[in-house]
$ cat protein.csv   # CSV, C-alpha atoms
chain,number,residue,atom,x,y,z
A,1,MET,CA,11.9,6.3,-13.7
A,2,ASP,CA,10.9,9.8,-12.6
A,3,SER,CA,8.6,10.7,-9.7
A,4,ARG,CA,5.4,10.3,-11.6
A,5,PHE,CA,3.0,7.3,-11.7
A,6,ARG,CA,2.7,5.4,-15.0
A,7,ARG,CA,-1.0,4.9,-15.8
A,8,ASN,CA,-2.3,1.8,-17.5
A,9,ASP,CA,-2.5,3.6,-20.9
A,10,GLY,CA,1.3,4.4,-20.6
A,11,THR,CA,0.9,8.1,-19.8
A,12,LEU,CA,2.6,9.6,-16.8
A,13,GLU,CA,1.0,11.7,-14.1
A,14,TRP,CA,2.4,13.3,-10.9
A,15,PRO,CA,1.3,11.3,-7.9
A,16,ALA,CA,-1.2,12.6,-5.5
A,17,MET,CA,-0.9,10.9,-2.1
A,18,THR,CA,-4.0,9.7,-0.3
A,19,THR,CA,-7.0,11.9,-0.7
A,20,PRO,CA,-10.6,11.5,0.5
A,21,GLN,CA,-11.5,10.5,-3.1
A,22,SER,CA,-8.6,8.0,-3.6
A,23,LYS,CA,-7.3,5.8,-0.9
A,24,THR,CA,-3.8,4.1,-1.1
A,25,ALA,CA,-2.9,0.5,-0.7
A,26,LEU,CA,0.6,-1.0,-0.3
A,27,LEU,CA,1.1,-4.3,-2.2
A,28,PHE,CA,3.8,-6.8,-1.6
A,29,PRO,CA,4.9,-9.5,-4.1
A,30,GLY,CA,5.1,-13.2,-3.6
A,31,GLN,CA,7.2,-16.1,-4.9
A,32,GLY,CA,8.1,-15.9,-8.5
A,33,ALA,CA,9.1,-12.2,-8.3
A,34,GLN,CA,12.7,-13.2,-7.5
A,35,ALA,CA,15.6,-12.6,-10.0
A,36,VAL,CA,19.4,-12.6,-9.6
A,37,GLY,CA,20.5,-9.1,-8.8
A,38,MET,CA,17.4,-8.2,-6.8
A,39,GLY,CA,18.1,-5.5,-4.3
A,40,LYS,CA,21.8,-5.1,-5.3
A,41,ASP,CA,21.5,-1.5,-6.7
A,42,LEU,CA,19.2,-0.6,-3.8
A,43,ALA,CA,21.7,-1.7,-1.2
A,44,ALA,CA,24.5,0.1,-3.1
A,45,ALA,CA,22.6,3.4,-3.2
A,46,TYR,CA,21.0,3.4,0.3
A,47,PRO,CA,22.7,2.3,3.5
A,48,LYS,CA,19.3,1.5,5.1
A,49,ALA,CA,18.7,-1.1,2.4
A,50,ALA,CA,22.2,-2.6,2.9
A,51,ASP,CA,21.5,-2.8,6.6
A,52,VAL,CA,18.3,-4.8,6.0
A,53,PHE,CA,20.1,-7.4,3.9
A,54,LYS,CA,23.0,-7.5,6.4
A,55,ARG,CA,20.6,-8.1,9.2
A,56,ALA,CA,18.8,-10.8,7.2
A,57,ASP,CA,22.1,-12.6,6.7
A,58,GLN,CA,22.6,-12.5,10.5
A,59,ILE,CA,19.1,-13.6,11.4
A,60,LEU,CA,19.1,-16.6,9.0
A,61,ASP,CA,22.8,-17.4,9.5
A,62,MET,CA,23.4,-17.5,5.8
A,63,SER,CA,24.5,-15.2,3.0
A,64,LEU,CA,21.0,-14.4,1.7
A,65,SER,CA,22.3,-11.1,0.3
A,66,ARG,CA,25.0,-12.9,-1.8
A,67,ILE,CA,22.3,-15.2,-3.4
A,68,CYS,CA,20.1,-12.2,-4.1
A,69,PHE,CA,22.8,-10.1,-5.6
A,70,GLU,CA,24.8,-12.8,-7.4
A,71,GLY,CA,22.8,-16.0,-7.7
A,72,PRO,CA,22.9,-18.5,-9.1
A,73,GLN,CA,19.3,-18.4,-10.2
A,74,GLU,CA,18.8,-22.1,-9.4
A,75,GLU,CA,19.7,-21.5,-5.7
A,76,LEU,CA,17.6,-18.3,-5.5
A,77,ASN,CA,14.6,-20.2,-6.9
A,78,ARG,CA,14.6,-22.7,-4.0
A,79,THR,CA,11.4,-22.2,-2.0
A,80,ASP,CA,13.3,-21.8,1.3
A,81,ILE,CA,15.6,-19.1,-0.3
A,82,SER,CA,13.2,-17.2,-2.6
A,83,GLN,CA,10.7,-16.5,0.2
A,84,PRO,CA,13.0,-14.8,2.7
A,85,ALA,CA,14.8,-13.1,-0.2
A,86,ILE,CA,11.6,-11.5,-1.5
A,87,LEU,CA,10.5,-10.4,2.0
A,88,ALA,CA,14.0,-8.9,2.7
A,89,HIS,CA,13.9,-6.9,-0.5
A,90,SER,CA,10.4,-5.6,0.2
A,91,TRP,CA,11.4,-4.6,3.7
A,92,ALA,CA,14.6,-2.9,2.4
A,93,VAL,CA,12.3,-0.7,0.2
A,94,VAL,CA,10.1,0.1,3.2
A,95,GLU,CA,13.1,1.2,5.3
A,96,VAL,CA,14.5,3.4,2.5
A,97,LEU,CA,11.2,5.1,1.9
A,98,ARG,CA,10.9,5.9,5.6
A,99,GLU,CA,14.0,8.0,5.4
A,100,HIS,CA,12.6,10.4,2.8
A,101,GLY,CA,9.6,12.7,3.0
A,102,PRO,CA,7.7,11.6,-0.1
A,103,GLY,CA,8.4,8.0,0.7
A,104,ARG,CA,7.3,8.5,4.3
A,105,ALA,CA,4.1,10.2,3.1
A,106,LEU,CA,3.3,7.2,0.9
A,107,LEU,CA,3.8,4.8,3.8
A,108,ASP,CA,2.0,6.9,6.4
A,109,GLY,CA,-0.8,7.7,4.1
A,110,ALA,CA,-1.6,4.1,3.2
A,111,ASN,CA,-5.1,2.9,4.2
A,112,ALA,CA,-4.5,-0.8,3.7
A,113,CYS,CA,-1.9,-3.4,2.8
A,114,ALA,CA,-2.1,-6.7,0.9
A,115,GLY,CA,0.5,-9.3,-0.2
A,116,LEU,CA,0.4,-12.1,-2.6
A,117,SER,CA,0.9,-15.4,-0.8
A,118,LEU,CA,4.2,-15.0,1.2
A,119,GLY,CA,3.8,-11.2,0.5
A,120,GLU,CA,1.1,-11.3,3.2
A,121,TYR,CA,3.9,-11.5,5.8
A,122,SER,CA,5.4,-8.4,4.4
A,123,ALA,CA,2.0,-6.7,4.4
A,124,LEU,CA,1.5,-7.6,8.1
A,125,ALA,CA,5.0,-6.2,8.9
A,126,ALA,CA,4.2,-3.0,7.1
A,127,ALA,CA,0.9,-2.7,9.0
A,128,GLY,CA,2.7,-3.1,12.3
A,129,SER,CA,1.3,-6.5,13.1
A,130,ILE,CA,4.6,-8.4,13.3
A,131,ALA,CA,8.2,-7.5,13.5
A,132,TRP,CA,9.9,-7.9,10.1
A,133,GLU,CA,12.6,-10.0,11.7
A,134,ASP,CA,10.0,-12.4,12.9
A,135,ALA,CA,8.3,-12.4,9.5
A,136,LEU,CA,11.6,-13.3,7.9
A,137,LYS,CA,12.1,-16.3,10.2
A,138,LEU,CA,8.6,-17.5,9.6
A,139,VAL,CA,8.8,-17.3,5.8
A,140,ARG,CA,12.2,-19.2,5.9
A,141,ALA,CA,10.5,-21.9,7.9
A,142,ARG,CA,7.5,-21.7,5.7
A,143,GLY,CA,9.7,-22.3,2.6
A,144,GLN,CA,11.4,-25.2,4.2
A,145,TYR,CA,8.2,-26.9,5.3
A,146,MET,CA,6.7,-26.4,1.8
A,147,GLN,CA,9.8,-27.8,0.2
A,148,GLN,CA,9.6,-30.9,2.4
A,149,ALA,CA,5.9,-31.4,1.5
A,150,CYS,CA,6.8,-31.1,-2.2
A,151,ASP,CA,9.6,-33.7,-1.8
A,152,ALA,CA,7.2,-36.1,-0.1
A,153,SER,CA,4.5,-35.8,-2.8
A,154,PRO,CA,5.8,-34.8,-6.3
A,155,SER,CA,3.4,-32.2,-7.7
A,156,THR,CA,3.2,-29.1,-9.8
A,157,MET,CA,1.1,-26.0,-10.8
A,158,ALA,CA,-0.1,-24.6,-14.1
A,159,SER,CA,-1.5,-21.3,-15.2
A,160,ILE,CA,-4.7,-21.5,-17.2
A,161,LEU,CA,-5.5,-18.5,-19.3
A,162,GLY,CA,-8.8,-17.6,-20.8
A,163,LEU,CA,-11.1,-20.1,-19.1
A,164,GLU,CA,-14.0,-19.2,-16.9
A,165,GLU,CA,-13.8,-20.2,-13.2
A,166,ASP,CA,-16.9,-22.5,-13.4
A,167,LYS,CA,-15.5,-24.4,-16.4
A,168,LEU,CA,-12.1,-24.7,-14.9
A,169,GLY,CA,-13.7,-26.0,-11.7
A,170,GLU,CA,-15.3,-28.8,-13.7
A,171,VAL,CA,-12.0,-29.5,-15.4
A,172,CYS,CA,-10.3,-29.9,-12.0
A,173,LYS,CA,-13.0,-32.2,-10.8
A,174,ARG,CA,-12.7,-34.4,-13.8
A,175,ALA,CA,-8.9,-34.4,-13.6
A,176,SER,CA,-9.0,-35.5,-10.0
A,177,VAL,CA,-9.4,-39.1,-11.1
A,178,LYS,CA,-5.6,-38.9,-11.5
A,179,GLY,CA,-5.0,-37.4,-8.1
A,180,VAL,CA,-5.3,-34.0,-6.3
A,181,CYS,CA,-6.2,-31.1,-8.7
A,182,VAL,CA,-7.6,-27.8,-7.4
A,183,MET,CA,-7.7,-24.1,-8.3
A,184,ALA,CA,-5.0,-22.6,-6.2
A,185,ASN,CA,-4.5,-18.9,-7.3
A,186,PHE,CA,-7.1,-16.6,-8.6
A,187,ASN,CA,-4.7,-14.0,-9.9
A,188,ALA,CA,-6.8,-12.0,-12.3
A,189,GLU,CA,-9.8,-12.3,-14.6
A,190,GLY,CA,-9.0,-15.1,-17.0
A,191,GLN,CA,-5.9,-16.1,-15.2
A,192,ILE,CA,-6.2,-19.0,-12.7
A,193,VAL,CA,-3.5,-21.3,-11.4
A,194,ILE,CA,-4.2,-24.9,-10.7
A,195,ALA,CA,-2.2,-27.2,-8.5
A,196,GLY,CA,-2.0,-30.9,-7.8
A,197,THR,CA,-0.2,-34.1,-8.6
A,198,LYS,CA,1.7,-34.1,-11.9
A,199,GLU,CA,-0.6,-36.6,-13.6
A,200,ALA,CA,-3.7,-34.8,-12.6
A,201,VAL,CA,-2.4,-31.3,-13.6
A,202,ALA,CA,-1.3,-32.7,-17.0
A,203,LEU,CA,-4.8,-34.1,-17.6
A,204,ALA,CA,-6.4,-30.9,-16.4
A,205,CYS,CA,-4.3,-28.9,-18.9
A,206,SER,CA,-5.5,-31.2,-21.7
A,207,LEU,CA,-9.1,-30.9,-20.6
A,208,ALA,CA,-8.8,-27.1,-20.2
A,209,LYS,CA,-7.6,-26.7,-23.8
A,210,ASP,CA,-10.5,-28.8,-25.0
A,211,ALA,CA,-12.8,-26.6,-23.0
A,212,GLY,CA,-11.6,-23.5,-24.6
A,213,ALA,CA,-8.6,-22.3,-22.6
A,214,ARG,CA,-6.3,-20.0,-24.5
A,215,ARG,CA,-3.1,-21.3,-23.0
A,216,CYS,CA,-1.9,-23.7,-20.3
A,217,ILE,CA,1.5,-23.0,-18.9
A,218,GLU,CA,3.2,-25.4,-16.4
A,219,LEU,CA,5.0,-23.3,-13.8
A,220,GLN,CA,8.6,-23.8,-12.7
A,221,VAL,CA,7.7,-24.4,-9.0
A,222,ALA,CA,8.7,-27.0,-6.5
A,223,GLY,CA,5.2,-28.4,-6.1
A,224,ALA,CA,1.5,-27.8,-5.5
A,225,PHE,CA,1.3,-24.7,-3.3
A,226,HIS,CA,-2.0,-23.7,-1.9
A,227,SER,CA,-3.5,-27.1,-2.2
A,228,PRO,CA,-4.3,-30.0,0.1
A,229,LEU,CA,-0.8,-31.4,-0.6
A,230,MET,CA,0.6,-28.7,1.6
A,231,LYS,CA,-1.2,-30.0,4.7
A,232,PRO,CA,2.1,-31.4,6.3
A,233,ALA,CA,3.6,-27.9,5.9
A,234,GLU,CA,0.5,-26.2,7.4
A,235,ASP,CA,0.7,-28.4,10.5
A,236,LYS,CA,4.4,-27.5,11.1
A,237,LEU,CA,4.0,-23.8,10.3
A,238,SER,CA,1.0,-23.6,12.7
A,239,ALA,CA,3.3,-24.4,15.6
A,240,GLU,CA,5.9,-21.8,14.5
A,241,ILE,CA,3.3,-19.0,14.1
A,242,ALA,CA,1.8,-19.8,17.5
A,243,ARG,CA,5.1,-18.9,19.2
A,244,VAL,CA,5.5,-15.5,17.5
A,245,LYS,CA,4.0,-12.3,18.9
A,246,PHE,CA,1.5,-10.5,16.7
A,247,SER,CA,-0.3,-7.2,17.3
A,248,ASP,CA,-3.5,-5.9,15.8
A,249,PRO,CA,-2.6,-4.3,12.4
A,250,ARG,CA,-2.7,-0.5,12.5
A,251,ILE,CA,-4.4,-0.5,9.1
A,252,PRO,CA,-6.4,-3.4,7.5
A,253,VAL,CA,-4.5,-6.2,5.7
A,254,ILE,CA,-6.5,-7.8,2.9
A,255,THR,CA,-5.9,-11.5,3.4
A,256,ASN,CA,-5.5,-14.1,0.7
A,257,VAL,CA,-7.8,-16.6,2.3
A,258,THR,CA,-11.0,-14.5,2.3
A,259,ALA,CA,-10.2,-11.4,0.3
A,260,LYS,CA,-11.4,-9.4,3.2
A,261,PRO,CA,-9.7,-7.1,5.7
A,262,VAL,CA,-8.0,-8.5,8.8
A,263,THR,CA,-7.9,-6.2,11.8
A,264,SER,CA,-6.9,-8.5,14.7
A,265,ALA,CA,-3.8,-10.4,15.6
A,266,ALA,CA,-5.6,-13.6,16.1
A,267,GLU,CA,-7.3,-13.4,12.7
A,268,ALA,CA,-3.9,-12.6,11.1
A,269,LYS,CA,-2.3,-15.7,12.6
A,270,LYS,CA,-5.2,-18.0,11.7
A,271,ASN,CA,-5.2,-16.9,8.0
A,272,LEU,CA,-1.4,-17.3,7.7
A,273,VAL,CA,-1.9,-20.9,8.7
A,274,SER,CA,-4.9,-21.5,6.5
A,275,GLN,CA,-3.2,-19.9,3.6
A,276,LEU,CA,-0.9,-22.9,2.8
A,277,THR,CA,-3.8,-25.1,1.8
A,278,SER,CA,-6.3,-22.5,0.7
A,279,PRO,CA,-6.5,-20.8,-2.7
A,280,VAL,CA,-5.1,-17.3,-3.1
A,281,ARG,CA,-8.0,-15.0,-3.8
A,282,TRP,CA,-5.9,-12.2,-5.2
A,283,ALA,CA,-8.3,-11.0,-7.9
A,284,ALA,CA,-11.1,-10.7,-5.3
A,285,SER,CA,-8.7,-9.0,-2.9
A,286,MET,CA,-7.9,-6.3,-5.5
A,287,GLN,CA,-11.6,-6.0,-6.5
A,288,HIS,CA,-12.5,-5.4,-2.8
A,289,LEU,CA,-10.0,-2.5,-2.6
A,290,VAL,CA,-11.3,-1.0,-5.9
A,291,ASN,CA,-14.9,-1.3,-4.6
A,292,GLU,CA,-13.8,0.5,-1.4
A,293,GLY,CA,-12.5,3.5,-3.3
A,294,TYR,CA,-8.8,2.7,-3.6
A,295,GLY,CA,-7.2,4.4,-6.6
A,296,THR,CA,-3.5,4.3,-5.7
A,297,PHE,CA,-1.5,1.1,-5.5
A,298,ALA,CA,2.2,1.0,-4.6
A,299,GLU,CA,4.0,-2.3,-5.1
A,300,LEU,CA,7.0,-2.6,-2.8
A,301,GLY,CA,9.7,-5.1,-3.6
A,302,PRO,CA,11.1,-7.0,-6.6
A,303,GLY,CA,9.3,-6.8,-10.0
A,304,ASN,CA,6.0,-5.4,-11.1
A,305,VAL,CA,3.8,-8.5,-11.4
A,306,LEU,CA,1.1,-7.1,-9.1
A,307,ALA,CA,0.8,-3.9,-11.0
A,308,GLY,CA,0.3,-5.9,-14.1
A,309,LEU,CA,-2.4,-8.0,-12.6
A,310,LEU,CA,-4.3,-4.8,-11.5
A,311,LYS,CA,-4.6,-3.4,-15.0
A,312,ARG,CA,-7.9,-5.0,-15.7
A,313,ALA,CA,-9.5,-4.6,-12.3
A,314,ALA,CA,-8.3,-1.0,-11.8
A,315,LYS,CA,-8.2,0.5,-15.2
A,316,ASP,CA,-8.0,4.1,-13.9
A,317,ALA,CA,-5.8,3.4,-10.9
A,318,LYS,CA,-2.4,4.9,-10.3
A,319,LEU,CA,0.1,2.1,-10.2
A,320,LEU,CA,3.6,2.4,-8.8
A,321,SER,CA,6.2,-0.3,-8.5
A,322,ILE,CA,9.2,0.5,-6.3
A,323,GLY,CA,12.0,-2.0,-6.0
A,324,THR,CA,15.1,-0.6,-7.6
A,325,ALA,CA,17.3,2.4,-6.7
A,326,GLU,CA,16.0,4.2,-9.8
A,327,SER,CA,12.4,3.8,-8.8
A,328,VAL,CA,13.1,5.0,-5.3
A,329,LYS,CA,14.9,8.0,-6.6
A,330,GLY,CA,12.0,8.7,-9.0
A,331,LEU,CA,9.7,9.0,-6.0
A,332,VAL,CA,11.8,10.6,-3.4
A,333,GLY,CA,14.0,12.7,-5.7
A,334,THR,CA,17.4,11.7,-4.2
$ encode --input "protein.csv" --output "structure tokens"
Amino acid sequence: MDSRFRRNDGTLEWPAMTTPQSKTALLFPGQGAQAVGMGKDLAAAYPKAADVFKRADQILDMSLSRICFEGPQEELNRTDISQPAILAHSWAVVEVLREHGPGRALLDGANACAGLSLGEYSALAAAGSIAWEDALKLVRARGQYMQQACDASPSTMASILGLEEDKLGEVCKRASVKGVCVMANFNAEGQIVIAGTKEAVALACSLAKDAGARRCIELQVAGAFHSPLMKPAEDKLSAEIARVKFSDPRIPVITNVTAKPVTSAAEAKKNLVSQLTSPVRWAASMQHLVNEGYGTFAELGPGNVLAGLLKRAAKDAKLLSIGTAESVKGLVGT
């Protein structure tokens, strides 16, 4: 990749950093972005990235870097592994960008941050609300508590494509005769993820197809994230978050819970707790930024899922995904 932005129509354009007409948002991916080999080339090319992975290994007292770089995929996919892995990769990108003028300009010129689910921890760290080391510890605990909740109550999630929110809400209500079934992730227009007990989600998928859904895809996840079934994890994580020092973010962080900007430490803490049982309002979060005049979005970390989700909501936006050594070099030129 060179140092231009790829627009939604496939054309390339030299990036303009924040201007009065186009504000910049930093975006951070969530669970599902992990893949074996993540961060390996970045750590090999940039000592700052290698230092982040080494420090993560020390903090967590495990070889997180080995699992990221070498796998196996089954181990990396574990909720308690993938969450700190994604945060570590995102933070490695931040540290590398800070070393180079164009990268530093992108970070310093950002007007807001947002992160999908666990990515909100990365966003708060980038906004100066929490030390990245503390965020890493919290997402490891978050993953462990979520896994425990999943083990206690077998559940699942499914992505429903092409069905309106009101119709899907009625589907979930009808499927609830089989157990918990709720809308958990509002990712983009026409793409909503549901969560609940396996029997209820299976029924919901059948009902959704009858209602006109284009596709129903069961996700390979440990359980029903962002649903009432995560209440045990929420209670445990609340105690962990209460012990960690937070500061007011230096720039607003758009929170998953309300799709509105968070500007205080207390509010940031509260939303991280509520996030576990509340739906992720990602589509509304991105629409809020578009409505506020944001035209440049930089996704920092593994993959390019968030850029893909933005294509409909921000058709004229400049989208940049930075997670590999090649993408960093394309931006900073070295």
$ residues_around --input "protein.csv" --residues "segment 212-214 of chain A" --least-positions-apart "2" --cutoff "6 Å" --atoms "all atoms listed in the file" --output "ChimeraX atom specification"
/A:161-163,208-210
$ closest_atom_pairs --input "protein.csv" --of "segment 177-259 of chain A" --to "segment 312-315 of chain A" --cutoff "12 Å" --atoms "only C-alpha atoms" --output "JSON lines"
{"residue": "A:Asn187", "atom": "CA", "partner": "A:Ala313", "partner_atom": "CA", "distance": 10.8}
{"residue": "A:Ala188", "atom": "CA", "partner": "A:Arg312", "partner_atom": "CA", "distance": 7.9}
{"residue": "A:Glu189", "atom": "CA", "partner": "A:Arg312", "partner_atom": "CA", "distance": 7.6}
{"residue": "A:Gly190", "atom": "CA", "partner": "A:Arg312", "partner_atom": "CA", "distance": 10.2}
{"residue": "A:Gln191", "atom": "CA", "partner": "A:Arg312", "partner_atom": "CA", "distance": 11.3}
$ residues_near_point --input "protein.csv" --point "(-3.5, -28.0, 3.4)" --cutoff "10 Å" --atoms "all atoms listed in the file" --output "ChimeraX atom specification"
/A:225-235,273-279
$ residues_near_point --input "protein.csv" --point "(-8.3, -9.9, -3.9)" --cutoff "12 Å" --atoms "all atoms listed in the file" --output "PyMOL selection string"
chain A and resi 27+113-117+120+185-189+253-261+279-291+306+309-310+313-314
$ closest_residue --input "protein.csv" --among "A:Ala44, A:Ala222, A:Ile217, A:Ala49" --to "Val96 of chain A" --atoms "all atoms listed in the file"
A:Ala49
$ atom_distance --input "protein.csv" --atom1 "atom CA of Lys198 of chain A" --atom2 "atom CA of Met146 of chain A"
16.5 Å
$ closest_residue --input "protein.csv" --among "A:Gly179, A:Pro29, A:Gly37, A:Pro154" --to "Thr324 of chain A" --atoms "all atoms listed in the file"
A:Gly37
$ closest_residue --input "protein.csv" --among "A:Leu319, A:Leu203, A:Ala112, A:Ala152" --to "Pro249 of chain A" --atoms "all atoms listed in the file"
A:Ala112
$ closest_residue --input "protein.csv" --among "A:Asp80, A:Glu326, A:Asp51, A:Glu292" --to "Gln31 of chain A" --atoms "only C-alpha atoms"
A:Asp80
$ residues_around --input "protein.csv" --residues "Ala141 of chain A" --least-positions-apart "3" --cutoff "10 Å" --atoms "all atoms listed in the file" --output "PDB file with C-alpha atoms, in the frame of the given file"
ATOM      1  CA  THR A  79      11.400 -22.200  -2.000  1.00  0.00           C
ATOM      2  CA  ASP A  80      13.300 -21.800   1.300  1.00  0.00           C
ATOM      3  CA  GLN A  83      10.700 -16.500   0.200  1.00  0.00           C
ATOM      4  CA  PRO A  84      13.000 -14.800   2.700  1.00  0.00           C
ATOM      5  CA  ALA A 135       8.300 -12.400   9.500  1.00  0.00           C
ATOM      6  CA  LEU A 136      11.600 -13.300   7.900  1.00  0.00           C
ATOM      7  CA  LYS A 137      12.100 -16.300  10.200  1.00  0.00           C
ATOM      8  CA  LEU A 138       8.600 -17.500   9.600  1.00  0.00           C
ATOM      9  CA  GLN A 144      11.400 -25.200   4.200  1.00  0.00           C
ATOM     10  CA  TYR A 145       8.200 -26.900   5.300  1.00  0.00           C
ATOM     11  CA  MET A 146       6.700 -26.400   1.800  1.00  0.00           C
ATOM     12  CA  GLN A 147       9.800 -27.800   0.200  1.00  0.00           C
ATOM     13  CA  ALA A 233       3.600 -27.900   5.900  1.00  0.00           C
ATOM     14  CA  LYS A 236       4.400 -27.500  11.100  1.00  0.00           C
ATOM     15  CA  LEU A 237       4.000 -23.800  10.300  1.00  0.00           C
ATOM     16  CA  GLU A 240       5.900 -21.800  14.500  1.00  0.00           C
ATOM     17  CA  ILE A 241       3.300 -19.000  14.100  1.00  0.00           C
TER      18      ILE A 241
END
$ closest_residue --input "protein.csv" --among "A:Ala202, A:Leu124, A:Leu60, A:Leu106" --to "Asn271 of chain A" --atoms "only C-alpha atoms"
A:Leu124
$ closest_residue --input "protein.csv" --among "A:Gly223, A:Gly308, A:Pro302, A:Gly143" --to "Val180 of chain A" --atoms "only C-alpha atoms"
A:Gly223
$ atom_distance --input "protein.csv" --atom1 "atom CA of Arg140 of chain A" --atom2 "atom CA of Ala195 of chain A"
21.9 Å
$ atom_distance --input "protein.csv" --atom1 "atom CA of Glu75 of chain A" --atom2 "atom CA of Ile130 of chain A"
27.6 Å
